[in-house]
Every structure is written in structure tokens, then in C-alpha cells.
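The structure appears below as C-alpha cells.
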Amino acid sequence: MPTEKRPFFTRYTTSLWVRFLRFNLLSHKRLEDDLERLHLTPPQFYVLATIGYAGGLPFGEIGEKLMVTVSNLTGIVDRLEEKGLVVRDRDARDRRVVRVRLTEKGAKLHRSTIPFFEKSIAEFFSPLTKVQQKELASLLRKLIRVSWSEKAA
């Protein structure tokens with residue numbers, strides 16, 4: 001007698017979320033493996049990229065952009081500082097504010113890792129056409145916008 005195969009979850013949205021989470025975890029692991037060759041962790045790369053793009057930022061602003069607490073950010077910046085990639089400076093106008101900026105070595109690494117990172121990311125989305133990628137981006141923006149507006153309410 002054949003057994004009836006039932007879905008693991010009763011709601012399609014739950015299965016959708018699991019697929020999204022699985023893609024996120026798999027792509028993050030692949031990125032982690034790629035960045036390991038550069039002796040960087042993904043969080044270190046994200047900080048490096050954020051600072052490199054902005055030209056240096058206060059600690060709190062980096063945390064906001066990456067959605068991490070300042071206490072979590074401290075360890076990441078400590079390790080980047082140990083590698084000679086970033087420095088911390090007190091803000092000239094407000095000594096309570098600590099800004100983080102790239103060193104010359106950090107700027108050089110930033111310039112060389114961005115193309116590497118973009119190539120790695122492009123591989124994740126290569127099964128999708130450009131039209132599908134744009135549609136996915138639009139749908140994700142919508143979900144993010146709705147989620148943030150609900151959180152603020």
C-alpha cells in the first residue's frame with residue numbers, strides 16, 4: 001500500500017521561508033570559504049567594505065548599517081586593527097565618537113576584494129536571468145520595506 005507523502009509544513013509561506021533560509025546559509029558558507037583565501041571572515045569583509053565605501057564611519061553608524069551591536073562590532077574591528085587594515089580615531093568635534101577608517105593596506109585590500117566578492121555573488125545568482133534577478137530584488141525590497149514599516153509602527 002503506497003504511503004501518502006504529506007508536506008512537512010502546512011503553510012506554503014513556511015516552506016518558502018525555509019528555502020530562503022537555506023539559500024542564505026548555503027551562499028553564506030560559500031562566501032565564507034571564498035573569503036577564507038583572503039584571510040577574512042564575512043563580518044570582517046562587510047566592515048571593510050562598508051568603511052571602504054563610506055570613507056570611514058563612526059562605530060555606531062557601522063553597527064547600524066550592518067545591523068550588529070557595537071559590542072559585536074568591537075571584536076571584528078579589533079581583529080581588522082590587528083591585521084593593520086583599519087585604525088580608530090577620536091572624532092575632532094566630539095571626542096566621545098570613535099571613527100573607524102581604512103589604513104593604506106586596508107584600502108588596497110578593499111579595492112582588490114570588491115571584484116572578487118562581486119564575482120562570487122554573481123555565481124550565486126547565475127541560474128537566474130537578469131529579468132528574474134531584478135524581479136527577485138524588487139520582491140525582497142518590498143518585503144524589507146513592509147517589515148521595517150511594521151517594526152516602526
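Labeling convention for the C-alpha cells: chains A, B, ... as they appear, residues from 1 per chain, ligands from 1 in order of appearance.
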
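Summary of the local environment: counting only C-alpha atoms, residues at most 12 Å from Asn72 in chain A, other than itself and those fewer than 4 positions away along its chain, are Pro43, Gln44, Val47, Phe59, Gly60, Ile62, Gly63, Glu64, Leu66, Met67, Val68, Ile76, Val77, Asp78 and Arg79 of chain A.
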
With distances taken over only C-alpha atoms, which residue among A:Tyr46, A:Phe124, A:Val70, A:Ile51 lies nearest Asn24 in chain A? A:Phe124

Write out as a ChimeraX atom specification the set of residues from chain A that DSSP, computed on the backbone, places in alpha helix (DSSP H). /A:12-36,42-54,59-66,70-82,104-125,130-152

Mind pulling up the distance from CA of Ser71 in chain A to CA of Glu104 in chain A?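 Separation between CA of Glu104 in chain A and CA of Ser71 in chain A: 25.7 Å.
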